[in-house]
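Q: Below is the file input-v6.cif, which contains mmCIF, C-alpha atoms.
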```
data_run
loop_
_atom_site.label_atom_id
_atom_site.label_comp_id
_atom_site.auth_asym_id
_atom_site.auth_seq_id
_atom_site.Cartn_x
_atom_site.Cartn_y
_atom_site.Cartn_z
CA MET A 788 2.19 33.97 27.78
CA ASN A 789 2.85 31.04 25.46
CA LEU A 790 5.34 31.31 22.62
CA ILE A 791 3.81 31.12 19.13
CA SER A 792 5.87 30.06 16.10
CA VAL A 793 4.66 31.91 13.00
CA ILE A 794 5.64 30.00 9.83
CA ILE A 795 5.96 31.93 6.55
CA PRO A 796 7.22 30.23 3.36
CA TYR A 797 8.55 32.76 0.83
CA TYR A 798 8.43 32.38 -2.96
CA LYS A 799 8.24 35.36 -5.35
CA LYS A 800 6.19 37.61 -3.04
CA LYS A 801 8.63 40.52 -2.74
CA ASN A 802 5.93 43.13 -3.35
CA TYR A 803 3.90 41.93 -0.36
CA LEU A 804 6.23 40.38 2.20
CA LYS A 805 7.22 43.53 4.07
CA ARG A 806 3.61 44.36 4.86
CA THR A 807 2.96 40.73 5.84
CA LEU A 808 5.87 40.76 8.27
CA ASP A 809 4.84 44.14 9.66
CA SER A 810 1.37 42.77 10.40
CA VAL A 811 3.03 40.14 12.63
CA LEU A 812 5.58 42.44 14.25
CA LYS A 813 2.82 44.88 15.23
CA GLN A 814 0.71 42.22 16.96
CA SER A 815 -0.68 43.14 20.38
CA TYR A 816 0.48 39.65 21.45
CA SER A 817 4.28 39.88 21.49
CA MET A 818 5.41 36.37 22.47
CA PHE A 819 6.19 34.94 19.05
CA GLU A 820 8.97 33.90 16.75
CA ILE A 821 8.77 34.20 12.96
CA ILE A 822 10.26 31.37 10.92
CA LEU A 823 10.72 32.76 7.41
CA ILE A 824 11.69 30.13 4.83
CA HIS A 825 13.39 31.31 1.64
CA ASP A 826 12.10 28.80 -0.91
CA ASP A 827 13.28 30.58 -4.07
CA PRO A 828 17.04 29.96 -4.34
CA GLY A 829 17.06 30.79 -8.05
CA ASN A 830 16.71 34.55 -7.54
CA ASN A 831 18.41 37.34 -5.60
CA ASP A 832 15.76 37.89 -2.93
CA TYR A 833 17.81 36.35 -0.15
CA ASN A 834 19.60 39.64 0.54
CA PHE A 835 16.19 41.33 0.66
CA LEU A 836 15.10 38.79 3.29
CA LEU A 837 18.32 39.26 5.25
CA ASN A 838 17.61 42.98 5.50
CA LEU A 839 14.07 42.28 6.72
CA LYS A 840 15.44 39.86 9.30
CA LYS A 841 17.51 42.69 10.82
CA LYS A 842 14.30 44.51 11.77
CA ASP A 843 13.55 42.21 14.69
CA LYS A 844 15.44 39.53 16.61
CA ARG A 845 12.31 37.38 16.65
CA ILE A 846 12.72 36.67 12.91
CA ARG A 847 14.55 33.44 12.03
CA LEU A 848 15.55 33.00 8.38
CA ILE A 849 15.99 29.59 6.77
CA LYS A 850 17.36 29.15 3.25
CA ASN A 851 16.31 26.14 1.19
CA GLN A 852 19.04 24.86 -1.13
CA LYS A 853 16.38 24.03 -3.70
CA ASN A 854 12.72 24.87 -4.16
CA LEU A 855 10.73 22.56 -1.86
CA GLY A 856 7.27 24.10 -2.14
CA ALA A 857 5.18 25.66 0.62
CA GLY A 858 4.17 22.35 2.21
CA PHE A 859 7.65 20.89 2.60
CA SER A 860 8.94 24.29 3.76
CA ARG A 861 6.32 24.27 6.52
CA ASN A 862 7.38 20.74 7.51
CA LYS A 863 10.95 21.97 7.82
CA ALA A 864 9.90 24.93 9.97
CA ILE A 865 7.66 22.86 12.26
CA LYS A 866 10.66 20.66 13.14
CA ILE A 867 12.63 23.61 14.51
CA ALA A 868 9.71 25.61 15.93
CA LYS A 869 10.20 26.54 19.58
CA GLY A 870 6.62 27.65 20.21
CA ASN A 871 3.84 25.92 22.12
CA TYR A 872 1.56 27.01 19.29
CA ILE A 873 2.01 27.06 15.50
CA ALA A 874 0.48 29.77 13.32
CA PHE A 875 0.57 29.61 9.52
CA LEU A 876 0.80 32.69 7.31
CA ASP A 877 1.31 33.05 3.56
CA ALA A 878 3.81 35.68 2.44
CA ASP A 879 1.17 37.94 0.86
CA ASP A 880 -1.55 37.82 3.55
CA ILE A 881 -2.06 40.29 6.40
CA TRP A 882 -3.11 39.85 10.02
CA MET A 883 -5.19 42.28 12.04
CA LYS A 884 -3.28 43.75 14.99
CA THR A 885 -5.24 41.75 17.59
CA LYS A 886 -5.22 38.47 15.67
CA LEU A 887 -2.97 36.36 17.87
CA ARG A 888 -4.17 37.77 21.18
CA LYS A 889 -7.87 37.27 20.44
CA GLN A 890 -7.39 33.84 18.91
CA ILE A 891 -5.16 32.48 21.68
CA ASN A 892 -7.55 33.82 24.35
CA PHE A 893 -10.46 32.15 22.56
CA MET A 894 -8.56 28.87 22.36
CA LYS A 895 -7.53 28.86 26.00
CA LYS A 896 -10.96 29.87 27.25
CA ASN A 897 -12.61 27.04 25.32
CA ASN A 898 -9.85 24.43 25.63
CA ILE A 899 -9.27 24.34 21.85
CA ASN A 900 -6.20 22.87 20.15
CA PHE A 901 -6.97 23.87 16.56
CA CYS A 902 -8.63 27.14 15.60
CA TYR A 903 -9.33 29.00 12.34
CA THR A 904 -11.13 32.33 11.90
CA SER A 905 -13.22 34.32 9.49
CA TYR A 906 -11.27 36.47 7.03
CA ASN A 907 -11.50 39.15 4.37
CA GLN A 908 -10.60 38.34 0.79
CA ILE A 909 -8.62 41.23 -0.75
CA ASP A 910 -7.24 41.91 -4.23
CA LYS A 911 -3.62 42.61 -5.22
CA ASN A 912 -4.02 46.26 -4.18
CA GLY A 913 -5.45 45.42 -0.75
CA LYS A 914 -9.05 46.30 -1.67
CA LYS A 915 -11.65 44.15 0.07
CA ILE A 916 -13.54 41.78 -2.22
CA LYS A 917 -15.70 40.00 0.36
CA SER A 918 -15.71 38.48 3.85
CA VAL A 919 -15.66 34.73 4.44
CA LYS A 920 -17.29 33.44 7.61
CA ALA A 921 -15.70 30.62 9.58
CA PRO A 922 -18.15 27.77 10.28
CA LYS A 923 -18.31 26.57 13.88
CA ASN A 924 -16.34 23.44 13.10
CA GLN A 925 -14.97 21.34 10.26
CA LYS A 926 -15.10 17.57 10.52
CA TYR A 927 -13.60 14.91 8.28
CA ASN A 928 -16.81 14.48 6.27
CA ASP A 929 -17.00 18.25 5.73
CA LEU A 930 -13.39 18.66 4.63
CA ILE A 931 -13.33 15.93 1.99
CA LYS A 932 -16.14 17.80 0.20
CA ASP A 933 -15.39 21.45 0.89
CA CYS A 934 -12.56 23.13 2.76
CA LYS A 935 -13.63 26.28 4.60
CA ILE A 936 -10.42 26.79 6.54
CA GLY A 937 -8.19 29.69 5.49
CA LEU A 938 -4.59 28.63 6.04
CA SER A 939 -3.39 32.05 7.18
CA THR A 940 -6.07 32.07 9.89
CA VAL A 941 -4.98 28.81 11.55
CA VAL A 942 -3.39 28.53 14.99
CA LEU A 943 -2.87 25.09 16.50
CA ASN A 944 -1.34 23.59 19.61
CA LYS A 945 1.93 21.96 18.62
CA LYS A 946 1.19 18.93 20.80
CA ILE A 947 -1.40 17.65 18.30
CA ILE A 948 1.21 17.37 15.53
CA THR A 949 2.50 13.80 15.40
CA ASN A 950 5.85 12.76 13.93
CA LYS A 951 4.05 11.06 11.04
CA LEU A 952 1.97 14.09 10.09
CA LYS A 953 3.51 16.04 7.21
CA PHE A 954 2.33 18.42 4.52
CA PRO A 955 2.37 16.33 1.31
CA SER A 956 4.15 16.87 -2.00
CA LEU A 957 1.35 18.87 -3.61
CA LYS A 958 1.52 22.36 -5.11
CA THR A 959 -2.04 23.09 -3.96
CA LYS A 960 -4.41 21.28 -1.56
CA GLU A 961 -1.46 20.45 0.72
CA ASP A 962 -3.16 22.32 3.56
CA LEU A 963 -6.46 20.49 2.96
CA TYR A 964 -4.69 17.15 3.39
CA TYR A 965 -3.14 18.38 6.65
CA TRP A 966 -6.51 19.51 8.05
CA ILE A 967 -8.14 16.23 6.99
CA GLN A 968 -5.52 14.22 8.85
CA LEU A 969 -5.84 16.38 11.96
CA SER A 970 -9.64 16.13 11.88
CA LYS A 971 -9.49 12.37 12.45
CA LYS A 972 -8.43 12.84 16.09
CA ASN A 973 -9.02 16.52 16.84
CA ASP A 974 -11.82 19.07 16.85
CA LEU A 975 -11.20 21.83 14.29
CA ILE A 976 -13.02 24.85 15.67
CA GLY A 977 -13.98 28.08 13.91
CA TYR A 978 -13.87 31.53 15.53
CA ASN A 979 -16.25 33.95 13.82
CA LYS A 980 -14.02 37.02 13.99
CA VAL A 981 -12.41 38.57 10.90
CA LEU A 982 -8.73 38.62 11.89
CA THR A 983 -6.94 38.08 8.56
CA ASN A 984 -6.84 39.60 5.08
CA TRP A 985 -6.31 36.83 2.51
CA ARG A 986 -4.92 38.11 -0.79
CA LYS A 987 -6.33 36.71 -4.02
CA LEU A 988 -3.79 36.94 -6.85
CA ASP A 989 -4.66 35.94 -10.42
CA ASN A 990 -1.22 34.40 -11.06
CA SER A 991 -1.03 32.41 -7.83
CA LEU A 992 -1.08 28.62 -7.62
CA SER A 993 -4.33 28.82 -5.68
CA SER A 994 -5.88 30.53 -8.74
CA ASN A 995 -4.66 27.87 -11.22
CA SER A 996 -7.70 25.69 -11.99
CA TYR A 997 -5.77 22.96 -13.81
CA GLN A 998 -3.25 22.62 -10.99
CA LYS A 999 -6.01 22.43 -8.39
CA ILE A 1000 -7.87 19.70 -10.31
CA LYS A 1001 -4.64 17.73 -10.77
CA ASP A 1002 -3.69 18.05 -7.11
CA GLY A 1003 -7.25 17.38 -5.96
CA TYR A 1004 -7.35 14.03 -7.74
CA LYS A 1005 -3.91 13.16 -6.38
CA LEU A 1006 -5.05 14.08 -2.88
CA TYR A 1007 -7.99 11.67 -3.00
CA SER A 1008 -6.41 8.82 -4.96
CA GLN A 1009 -2.83 8.78 -3.67
CA TYR A 1010 -2.90 10.38 -0.24
CA LEU A 1011 -6.35 9.36 1.01
CA GLY A 1012 -6.39 6.01 -0.80
CA PHE A 1013 -9.77 6.42 -2.54
CA ASN A 1014 -10.44 4.38 -5.69
CA SER A 1015 -10.75 6.19 -9.04
CA LEU A 1016 -14.54 6.54 -8.99
CA LYS A 1017 -14.62 7.77 -5.40
CA SER A 1018 -11.76 10.18 -6.12
CA LEU A 1019 -13.59 11.67 -9.10
CA TYR A 1020 -16.80 11.96 -7.08
CA TYR A 1021 -15.20 13.93 -4.26
CA LEU A 1022 -13.14 15.99 -6.70
CA PHE A 1023 -16.41 16.97 -8.40
CA LEU A 1024 -17.95 17.98 -5.05
CA LEU A 1025 -14.84 19.93 -4.05
CA SER A 1026 -14.75 21.76 -7.39
CA LEU A 1027 -18.50 22.47 -7.32
CA ASN A 1028 -18.30 23.93 -3.81
CA PHE A 1029 -15.29 26.05 -4.83
CA ILE A 1030 -17.27 27.49 -7.77
CA ARG A 1031 -20.24 28.24 -5.49
CA LYS A 1032 -17.99 30.12 -3.05
CA ASN A 1033 -16.53 32.26 -5.82
CA ILE A 1034 -19.68 33.21 -7.72
#
```
Take the structure in this file and express it as structure tokens.
A:
Amino acid sequence: MNLISVIIPYYKKKNYLKRTLDSVLKQSYSMFEIILIHDDPGNNDYNFLLNLKKKDKRIRLIKNQKNLGAGFSRNKAIKIAKGNYIAFLDADDIWMKTKLRKQINFMKKNNINFCYTSYNQIDKNGKKIKSVKAPKNQKYNDLIKDCKIGLSTVVLNKKIITNKLKFPSLKTKEDLYYWIQLSKKNDLIGYNKVLTNWRKLDNSLSSNSYQKIKDGYKLYSQYLGFNSLKSLYYLFLLSLNFIRKNI
């Protein structure tokens, strides 16, 4: 069995984190480490995280001296990850018990280095809102218009991560940039099995329309190097596709 490094940035998700961690610890695939990054040094949750760490020796806890954001926290964790594979998980999402086993088997059987899955969208109480199907693949030209990859569903082979590849300094869309960069040299393959519950919270950054528009423009203009007109065009397409998905 290959070791999988599960990366979980933590910021103000105390009400959900225990269940998130339990969904990893109860996996039918047991060869993993959890890298939990405390990215909220301004509060008292560190002791809460320390107590959770005591539950299992596979949990590694990292404390940021200042708030870095989810993207930079993931960069930090990737550097110290011991696993052959990297799995991303947000601190309020939940994995199905067979998530890692089924996904790793699918990847090995089909010689895949990057895999995402279908997922359920749930509300703050864990009630299912809808299911989101994973398309068979996502290429560069797909991603710059519409991202259909759920971050907490992704498992990738660590060997495809180059030293230059980093999550950018964005509050949202940082994962989209990462997938876009990986899509230039790798096949991003979807696995149509619902293996994750993605939690939709009204007060989350991913729900903040202004922040997403601001970060979306920055993604295209600063990080992808598009001119202003091209940036606005793709931002319009990205926003339109987001609205269509959430109607």
Q: Return as a ChimeraX atom specification the set of residues that the PyMOL selection byres ((chain A and resi 792-803) around 6) yields on the displayed structure.
A: /A:791,804-806,819-827,857,868,870,873-879
Q: When distances are computed from only C-alpha atoms, which of A:Ser970, A:Tyr1007, A:Met883, A:Gly858 shows the smallest separation from Leu938 of chain A?
A: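 Of A:Ser970, A:Tyr1007, A:Met883, A:Gly858, the one nearest Leu938 of chain A is A:Gly858, counting only C-alpha atoms.
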Q: For Ser939 of chain A, which residue out of A:Lys886, A:Arg1031, A:Lys917, A:Lys960 is the nearest one, using only C-alpha atoms?
A: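 Of all the options, A:Lys886 lies closest to Ser939 of chain A.
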Q: Report as a PDB file with C-alpha atoms, in the coordinates of the input the residues that result from applying the PyMOL selection byres ((chain A and resi 904) around 6) to the structure here.
A:
```pdb
ATOM      1  CA  TYR A 903      -9.330  29.000  12.340  1.00  0.00           C
ATOM      2  CA  SER A 905     -13.220  34.320   9.490  1.00  0.00           C
ATOM      3  CA  ALA A 921     -15.700  30.620   9.580  1.00  0.00           C
ATOM      4  CA  THR A 940      -6.070  32.070   9.890  1.00  0.00           C
ATOM      5  CA  GLY A 977     -13.980  28.080  13.910  1.00  0.00           C
ATOM      6  CA  TYR A 978     -13.870  31.530  15.530  1.00  0.00           C
ATOM      7  CA  ASN A 979     -16.250  33.950  13.820  1.00  0.00           C
ATOM      8  CA  LYS A 980     -14.020  37.020  13.990  1.00  0.00           C
TER       9      LYS A 980
END
```
Q: Hey, what's within 7 Å of Lys926 of chain A if we count only C-alpha atoms and toss same-chain stuff fewer than 3 positions away? As an NGL selection string, please?
A: :A and (929-930 or 970 or 975)
Q: So which one's closest to Lys1005 of chain A, A:Asn831, A:Asn898, A:Asn851, A:Ser956? Using all atoms listed in the file, please.
A: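 The closest residue to Lys1005 of chain A is A:Ser956.
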Q: Atom CA of Asp880 of chain A to atom CA of Thr983 of chain A: how many Å, to one decimal?
A: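 Straight-line distance from atom CA of Asp880 of chain A to atom CA of Thr983 of chain A works out to 7.4 Å.
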Q: Looking at A:Gln1009, A:Gln890, A:Gln814, A:Asn973, which one is nearest to Lys946 of chain A, with distances taken over only C-alpha atoms?
A: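 Among the listed residues, the smallest separation from Lys946 of chain A belongs to A:Asn973.
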Q: So, counting all atoms listed in the file, which residue among A:Lys923, A:Lys841, A:Lys953, A:Lys911 is closest to Ala864 of chain A?
A: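 Among the listed residues, the smallest separation from Ala864 of chain A belongs to A:Lys953.
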Q: If you measure from atom CA of Asn1014 of chain A to atom CA of Gly937 of chain A, what distance in Å do you get, rounded to one decimal?
A: 27.8 Å
Q: I need the residue nearest Trp985 of chain A from this list: A:Asn907, A:Ser815, A:Asn950, A:Asn789. Use all atoms listed in the file for the distance.
A: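 Residue with the minimum atom-to-atom distance to Trp985 of chain A: A:Asn907.
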Q: What's the separation between atom CA of Ser860 of chain A and atom CA of Tyr965 of chain A, in Å to one decimal place?
A: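 We find that atom CA of Ser860 of chain A and atom CA of Tyr965 of chain A lie 13.8 Å from each other.
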